[in-house]
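my_file20.json, holding JSON, C-alpha atoms:
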```
[["chain", "number", "residue", "atom", "x", "y", "z"],
["N", 1, "ASP", "CA", 114.12, 105.24, 100.72],
["N", 2, "ALA", "CA", 111.13, 102.92, 100.96],
["N", 3, "GLY", "CA", 110.17, 101.79, 104.42],
["N", 4, "VAL", "CA", 108.53, 98.50, 105.24],
["N", 5, "THR", "CA", 105.54, 97.81, 103.02],
["N", 6, "GLN", "CA", 102.72, 95.47, 104.01],
["N", 7, "SER", "CA", 99.72, 94.33, 102.04],
["N", 8, "PRO", "CA", 96.81, 94.25, 102.24],
["N", 9, "THR", "CA", 96.04, 96.93, 104.84],
["N", 10, "HIS", "CA", 92.73, 95.39, 105.85],
["N", 11, "LEU", "CA", 91.25, 91.95, 105.36],
["N", 12, "ILE", "CA", 88.07, 90.19, 106.39],
["N", 13, "LYS", "CA", 87.98, 86.39, 106.34],
["N", 14, "THR", "CA", 85.61, 83.67, 107.48],
["N", 15, "ARG", "CA", 86.48, 81.04, 110.08],
["N", 16, "GLY", "CA", 88.26, 78.09, 108.51],
["N", 17, "GLN", "CA", 89.63, 80.04, 105.60],
["N", 18, "GLN", "CA", 93.28, 80.61, 104.81],
["N", 19, "VAL", "CA", 95.05, 83.97, 104.48],
["N", 20, "THR", "CA", 98.37, 85.22, 103.11],
["N", 21, "LEU", "CA", 99.91, 88.49, 104.25],
["N", 22, "ARG", "CA", 102.85, 90.08, 102.47],
["N", 23, "CYS", "CA", 105.79, 92.21, 103.55],
["N", 24, "SER", "CA", 108.58, 94.01, 101.74],
["N", 25, "PRO", "CA", 111.41, 95.02, 104.07],
["N", 26, "LYS", "CA", 113.09, 98.38, 104.25],
["N", 27, "SER", "CA", 115.76, 98.85, 101.62],
["N", 28, "GLY", "CA", 119.04, 97.38, 102.88],
["N", 29, "HIS", "CA", 117.43, 95.14, 105.49],
["N", 30, "ASP", "CA", 117.78, 91.37, 105.28],
["N", 31, "THR", "CA", 115.68, 90.05, 108.17],
["N", 32, "VAL", "CA", 111.91, 89.98, 108.53],
["N", 33, "SER", "CA", 110.03, 89.34, 111.76],
["N", 34, "TRP", "CA", 106.28, 88.92, 112.09],
["N", 35, "TYR", "CA", 104.24, 89.94, 115.12],
["N", 36, "GLN", "CA", 100.60, 89.62, 116.11],
["N", 37, "GLN", "CA", 99.08, 92.44, 118.13],
["N", 38, "ALA", "CA", 95.65, 91.95, 119.63],
["N", 39, "LEU", "CA", 93.69, 94.98, 120.79],
["N", 40, "GLY", "CA", 95.16, 96.44, 123.97],
["N", 41, "GLN", "CA", 98.13, 94.08, 123.95],
["N", 42, "GLY", "CA", 101.78, 94.40, 123.10],
["N", 43, "PRO", "CA", 103.01, 92.69, 119.93],
["N", 44, "GLN", "CA", 103.59, 88.93, 120.20],
["N", 45, "PHE", "CA", 106.46, 87.40, 118.24],
["N", 46, "ILE", "CA", 105.37, 84.86, 115.63],
["N", 47, "PHE", "CA", 108.60, 84.06, 113.76],
["N", 48, "GLN", "CA", 111.64, 85.54, 112.09],
["N", 49, "TYR", "CA", 113.15, 84.86, 108.66],
["N", 50, "TYR", "CA", 116.75, 85.37, 107.64],
["N", 51, "GLU", "CA", 118.51, 83.96, 104.59],
["N", 52, "GLU", "CA", 115.19, 82.43, 103.48],
["N", 53, "GLU", "CA", 114.95, 80.26, 106.58],
["N", 54, "GLU", "CA", 112.85, 80.44, 109.72],
["N", 55, "ARG", "CA", 115.39, 81.26, 112.42],
["N", 56, "GLN", "CA", 113.24, 81.78, 115.48],
["N", 57, "ARG", "CA", 109.67, 80.98, 116.34],
["N", 58, "GLY", "CA", 107.33, 82.17, 119.05],
["N", 59, "ASN", "CA", 104.55, 80.23, 120.73],
["N", 60, "PHE", "CA", 102.22, 79.97, 117.75],
["N", 61, "PRO", "CA", 100.67, 76.81, 116.29],
["N", 62, "ASP", "CA", 101.69, 75.24, 113.02],
["N", 63, "ARG", "CA", 98.71, 76.92, 111.36],
["N", 64, "PHE", "CA", 101.03, 79.90, 111.16],
["N", 65, "SER", "CA", 103.72, 79.48, 108.53],
["N", 66, "GLY", "CA", 105.90, 81.74, 106.50],
["N", 67, "HIS", "CA", 108.37, 82.17, 103.74],
["N", 68, "GLN", "CA", 111.15, 84.52, 102.76],
["N", 69, "PHE", "CA", 112.11, 85.10, 99.15],
["N", 70, "PRO", "CA", 115.54, 85.84, 97.65],
["N", 71, "ASN", "CA", 114.69, 89.55, 97.52],
["N", 72, "TYR", "CA", 114.12, 89.43, 101.33],
["N", 73, "SER", "CA", 110.37, 89.93, 101.06],
["N", 74, "SER", "CA", 108.24, 87.64, 103.17],
["N", 75, "GLU", "CA", 104.80, 86.09, 103.46],
["N", 76, "LEU", "CA", 102.83, 85.02, 106.51],
["N", 77, "ASN", "CA", 100.24, 82.29, 105.96],
["N", 78, "VAL", "CA", 97.56, 81.35, 108.43],
["N", 79, "ASN", "CA", 95.42, 78.26, 107.83],
["N", 80, "ALA", "CA", 92.10, 77.25, 109.37],
["N", 81, "LEU", "CA", 91.42, 80.73, 110.68],
["N", 82, "LEU", "CA", 89.89, 81.13, 114.13],
["N", 83, "LEU", "CA", 88.02, 84.10, 115.53],
["N", 84, "GLY", "CA", 90.96, 84.61, 117.91],
["N", 85, "ASP", "CA", 93.27, 85.22, 114.97],
["N", 86, "SER", "CA", 91.68, 88.63, 114.51],
["N", 87, "ALA", "CA", 94.47, 91.12, 115.18],
["N", 88, "LEU", "CA", 96.90, 93.60, 113.69],
["N", 89, "TYR", "CA", 99.73, 91.70, 112.02],
["N", 90, "LEU", "CA", 102.97, 93.61, 111.98],
["N", 91, "CYS", "CA", 106.02, 92.98, 109.87],
["N", 92, "ALA", "CA", 109.34, 94.36, 111.06],
["N", 93, "SER", "CA", 112.58, 94.40, 109.16],
["N", 94, "SER", "CA", 116.12, 94.71, 110.43],
["N", 95, "LEU", "CA", 119.71, 94.25, 109.41],
["N", 96, "ALA", "CA", 121.19, 91.17, 111.02],
["N", 97, "ARG", "CA", 124.65, 92.56, 111.68],
["N", 98, "THR", "CA", 123.60, 95.74, 113.51],
["N", 99, "GLY", "CA", 120.81, 94.81, 115.97],
["N", 100, "SER", "CA", 119.95, 98.49, 116.28],
["N", 101, "GLY", "CA", 116.21, 98.09, 116.26],
["N", 102, "TYR", "CA", 113.45, 97.07, 113.97],
["N", 103, "THR", "CA", 111.46, 99.13, 111.48],
["N", 104, "PHE", "CA", 107.79, 98.28, 111.38],
["N", 105, "GLY", "CA", 105.35, 98.33, 108.52],
["N", 106, "SER", "CA", 101.91, 99.86, 108.95],
["N", 107, "GLY", "CA", 100.41, 96.45, 109.55],
["N", 108, "THR", "CA", 97.55, 94.36, 108.19],
["N", 109, "ARG", "CA", 94.32, 94.43, 110.15],
["N", 110, "LEU", "CA", 92.80, 90.94, 109.91],
["N", 111, "THR", "CA", 89.22, 90.37, 111.01],
["N", 112, "VAL", "CA", 87.90, 86.82, 111.17],
["N", 113, "VAL", "CA", 84.12, 86.51, 111.27],
["M", 1, "GLN", "CA", 106.57, 86.56, 136.65],
["M", 2, "LYS", "CA", 105.93, 88.37, 133.38],
["M", 3, "GLU", "CA", 108.94, 88.87, 131.15],
["M", 4, "VAL", "CA", 108.30, 92.59, 130.83],
["M", 5, "GLU", "CA", 106.17, 94.71, 133.12],
["M", 6, "GLN", "CA", 104.90, 98.19, 132.46],
["M", 7, "ASN", "CA", 102.31, 100.28, 134.24],
["M", 8, "SER", "CA", 99.41, 100.39, 131.77],
["M", 9, "GLY", "CA", 98.42, 103.87, 132.90],
["M", 10, "PRO", "CA", 96.93, 106.06, 131.72],
["M", 11, "LEU", "CA", 99.65, 108.48, 132.73],
["M", 12, "SER", "CA", 98.44, 112.04, 132.48],
["M", 13, "VAL", "CA", 100.83, 115.04, 132.50],
["M", 14, "PRO", "CA", 100.34, 118.72, 131.68],
["M", 15, "GLU", "CA", 101.93, 120.20, 128.60],
["M", 16, "GLY", "CA", 105.54, 121.20, 129.24],
["M", 17, "ALA", "CA", 106.03, 118.77, 132.12],
["M", 18, "ILE", "CA", 108.35, 115.74, 132.27],
["M", 19, "ALA", "CA", 106.71, 112.39, 131.60],
["M", 20, "SER", "CA", 108.40, 109.38, 133.19],
["M", 21, "LEU", "CA", 107.71, 105.89, 131.86],
["M", 22, "ASN", "CA", 109.08, 102.77, 133.52],
["M", 23, "CYS", "CA", 109.67, 99.17, 132.59],
["M", 24, "THR", "CA", 111.11, 96.15, 134.39],
["M", 25, "TYR", "CA", 112.28, 92.94, 132.78],
["M", 26, "SER", "CA", 113.08, 89.45, 134.03],
["M", 27, "ASP", "CA", 115.79, 88.15, 131.67],
["M", 28, "ARG", "CA", 119.17, 89.10, 133.14],
["M", 29, "GLY", "CA", 120.82, 88.04, 129.88],
["M", 30, "SER", "CA", 119.12, 90.80, 127.91],
["M", 31, "GLN", "CA", 121.56, 93.11, 126.18],
["M", 32, "SER", "CA", 119.41, 95.46, 124.11],
["M", 33, "PHE", "CA", 116.48, 97.59, 125.16],
["M", 34, "PHE", "CA", 114.08, 99.61, 123.07],
["M", 35, "TRP", "CA", 111.36, 102.18, 123.49],
["M", 36, "TYR", "CA", 108.64, 102.39, 120.84],
["M", 37, "ARG", "CA", 105.76, 104.83, 120.48],
["M", 38, "GLN", "CA", 102.46, 103.63, 119.05],
["M", 39, "TYR", "CA", 99.59, 105.87, 118.08],
["M", 40, "SER", "CA", 96.14, 104.31, 118.07],
["M", 41, "GLY", "CA", 95.66, 102.10, 115.02],
["M", 42, "LYS", "CA", 99.23, 102.62, 113.85],
["M", 43, "SER", "CA", 102.35, 100.50, 113.99],
["M", 44, "PRO", "CA", 105.09, 100.99, 116.63],
["M", 45, "GLU", "CA", 107.74, 103.59, 115.90],
["M", 46, "LEU", "CA", 111.25, 103.28, 117.37],
["M", 47, "ILE", "CA", 112.13, 106.17, 119.67],
["M", 48, "MET", "CA", 115.34, 105.00, 121.29],
["M", 49, "PHE", "CA", 117.48, 101.97, 121.96],
["M", 50, "ILE", "CA", 120.02, 101.55, 124.75],
["M", 51, "TYR", "CA", 122.60, 98.87, 125.43],
["M", 52, "SER", "CA", 124.74, 100.23, 128.28],
["M", 53, "ASN", "CA", 123.98, 101.15, 131.86],
["M", 54, "GLY", "CA", 123.32, 104.83, 132.38],
["M", 55, "ASP", "CA", 121.55, 107.51, 130.42],
["M", 56, "LYS", "CA", 121.18, 108.06, 126.70],
["M", 57, "GLU", "CA", 119.75, 111.33, 125.47],
["M", 58, "ASP", "CA", 118.19, 112.19, 122.12],
["M", 59, "GLY", "CA", 116.46, 115.53, 121.91],
["M", 60, "ARG", "CA", 113.62, 115.64, 124.42],
["M", 61, "PHE", "CA", 113.95, 111.92, 125.16],
["M", 62, "THR", "CA", 116.25, 110.26, 127.70],
["M", 63, "ALA", "CA", 116.46, 106.50, 128.18],
["M", 64, "GLN", "CA", 117.88, 105.17, 131.43],
["M", 65, "LEU", "CA", 119.08, 101.61, 131.92],
["M", 66, "ASN", "CA", 119.98, 99.88, 135.18],
["M", 67, "LYS", "CA", 120.86, 96.27, 134.49],
["M", 68, "ALA", "CA", 121.48, 95.44, 138.16],
["M", 69, "SER", "CA", 117.90, 96.44, 138.98],
["M", 70, "GLN", "CA", 116.57, 95.13, 135.64],
["M", 71, "TYR", "CA", 114.95, 98.47, 135.05],
["M", 72, "VAL", "CA", 114.67, 100.75, 132.02],
["M", 73, "SER", "CA", 112.90, 104.07, 131.84],
["M", 74, "LEU", "CA", 112.05, 106.78, 129.35],
["M", 75, "LEU", "CA", 111.85, 110.47, 130.24],
["M", 76, "ILE", "CA", 110.11, 112.90, 127.93],
["M", 77, "ARG", "CA", 110.97, 116.53, 128.67],
["M", 78, "ASP", "CA", 108.74, 119.45, 127.67],
["M", 79, "SER", "CA", 105.87, 117.05, 126.90],
["M", 80, "GLN", "CA", 103.64, 118.04, 124.00],
["M", 81, "PRO", "CA", 100.08, 116.98, 123.17],
["M", 82, "SER", "CA", 101.53, 115.18, 120.13],
["M", 83, "ASP", "CA", 103.40, 112.89, 122.55],
["M", 84, "SER", "CA", 100.08, 111.40, 123.61],
["M", 85, "ALA", "CA", 100.34, 107.74, 122.59],
["M", 86, "THR", "CA", 101.08, 104.29, 123.97],
["M", 87, "TYR", "CA", 104.74, 103.72, 124.81],
["M", 88, "LEU", "CA", 106.01, 100.17, 124.53],
["M", 89, "CYS", "CA", 109.26, 98.93, 125.98],
["M", 90, "ALA", "CA", 110.93, 95.88, 124.47],
["M", 91, "PHE", "CA", 114.11, 93.98, 124.97],
["M", 92, "GLY", "CA", 116.08, 91.60, 122.84],
["M", 93, "GLY", "CA", 115.26, 88.07, 123.95],
["M", 94, "SER", "CA", 116.87, 84.79, 122.98],
["M", 95, "GLY", "CA", 118.28, 84.45, 119.53],
["M", 96, "ARG", "CA", 121.49, 84.37, 117.58],
["M", 97, "GLY", "CA", 123.75, 87.32, 117.09],
["M", 98, "ASN", "CA", 122.04, 90.63, 116.74],
["M", 99, "ASN", "CA", 118.79, 89.18, 115.42],
["M", 100, "ARG", "CA", 117.21, 88.63, 118.79],
["M", 101, "LYS", "CA", 113.42, 88.55, 118.91],
["M", 102, "LEU", "CA", 111.82, 91.40, 120.78],
["M", 103, "ILE", "CA", 109.93, 90.73, 123.99],
["M", 104, "TRP", "CA", 107.32, 93.43, 124.57],
["M", 105, "GLY", "CA", 105.55, 95.01, 127.48],
["M", 106, "LEU", "CA", 101.84, 95.80, 127.20],
["M", 107, "GLY", "CA", 102.54, 99.50, 126.91],
["M", 108, "THR", "CA", 101.83, 102.61, 128.96],
["M", 109, "SER", "CA", 99.21, 105.03, 127.72],
["M", 110, "LEU", "CA", 100.38, 108.65, 128.00],
["M", 111, "ALA", "CA", 98.06, 111.65, 127.78],
["M", 112, "VAL", "CA", 99.59, 115.15, 127.60],
["M", 113, "ASN", "CA", 97.00, 117.76, 128.45],
["M", 114, "PRO", "CA", 97.20, 121.22, 126.84]]
```

Let me see whether you can do it: turn the structure in this file into structure tokens.
Amino acid sequence: DAGVTQSPTHLIKTRGQQVTLRCSPKSGHDTVSWYQQALGQGPQFIFQYYEEEERQRGNFPDRFSGHQFPNYSSELNVNALLLGDSALYLCASSLARTGSGYTFGSGTRLTVV
Amino acid sequence: QKEVEQNSGPLSVPEGAIASLNCTYSDRGSQSFFWYRQYSGKSPELIMFIYSNGDKEDGRFTAQLNKASQYVSLLIRDSQPSDSATYLCAFGGSGRGNNRKLIWGLGTSLAVNP
């Protein structure tokens, strides 16, 4: 039973560049949520995808966008990278009808230089 | 007022003791509450979730919820050095149905000393 898979595990980008992070949810899950976790902070909600649509969004600028595919996998795109975007990006999957908690992937560590 | 407040610690307990972690929240409409454990450099791992007032036990872990006081706690009995981690509380914020986004505390760092 595969858990949540994220790729890549680490990434270094330059300011102004664009990045795409990928997530495959746990088998049987249909909802993907993305979180940003800066060092020493709790995760901050970016957005959530269900049925290929963005259903909820946190307080993040439009530079952050996403997509969900028919197989429930998801991508997070960040444009015009800033130094402050350096963080651990976590993908969490869940099953909409249960609400029993989210399963997290191991995260992508993004460093913007 | 912050949505979720946790004592950042570090909380230090001897091996075998009971560790008590606390969390308060501001949204009275919250219905679901979660405790996650996060080791340094790793992603959060769900320990327990609780929906109803009272206690919920799972092995060495007990979650306690008091909605009137807007308070949730986690007790770890017979603490082990492997329990040393950051413990994050989260609650289900606004959203539709069961897919409510999680609102997180900053986490409490726990150190269990052999």

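The residue that comes closest to Ser106 (chain N), out of M:Tyr39, M:Gln31, M:Cys23, M:Gln6 and on the basis of only C-alpha atoms, is M:Tyr39.
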
Residues of chain N within 12 Å of chain M, using all atoms listed in the file, as a PyMOL selection string?
chain N and resi 3-6+9-10+29-50+54-58+87-109

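Take CA of Thr111 (chain N) and CA of Ser7 (chain N): the distance between them is 14.4 Å.
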
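Straight-line separation from CA of Arg22 (chain N) to CA of Ser86 (chain N): 16.5 Å.
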
CA of Asn113 (chain M) to CA of Ser12 (chain M): how many Å, to one decimal?
7.1 Å

Near region 70-80 of chain M, counting all atoms listed in the file, which residues have an atom at most 10 Å away, once you skip same-chain residues fewer than 4 positions from it, shown as a PyMOL selection string?
chain M and resi 4-6+13-28+30+33-35+47-48+50+53-66+84+87+89-91+111-114

Any idea what's packed within 8 Å of Gly9 (chain M), counting all atoms listed in the file, ignoring anything in its chain fewer than 3 positions away? Could you give it as a VMD selection string?
chain M and resid 108 to 110
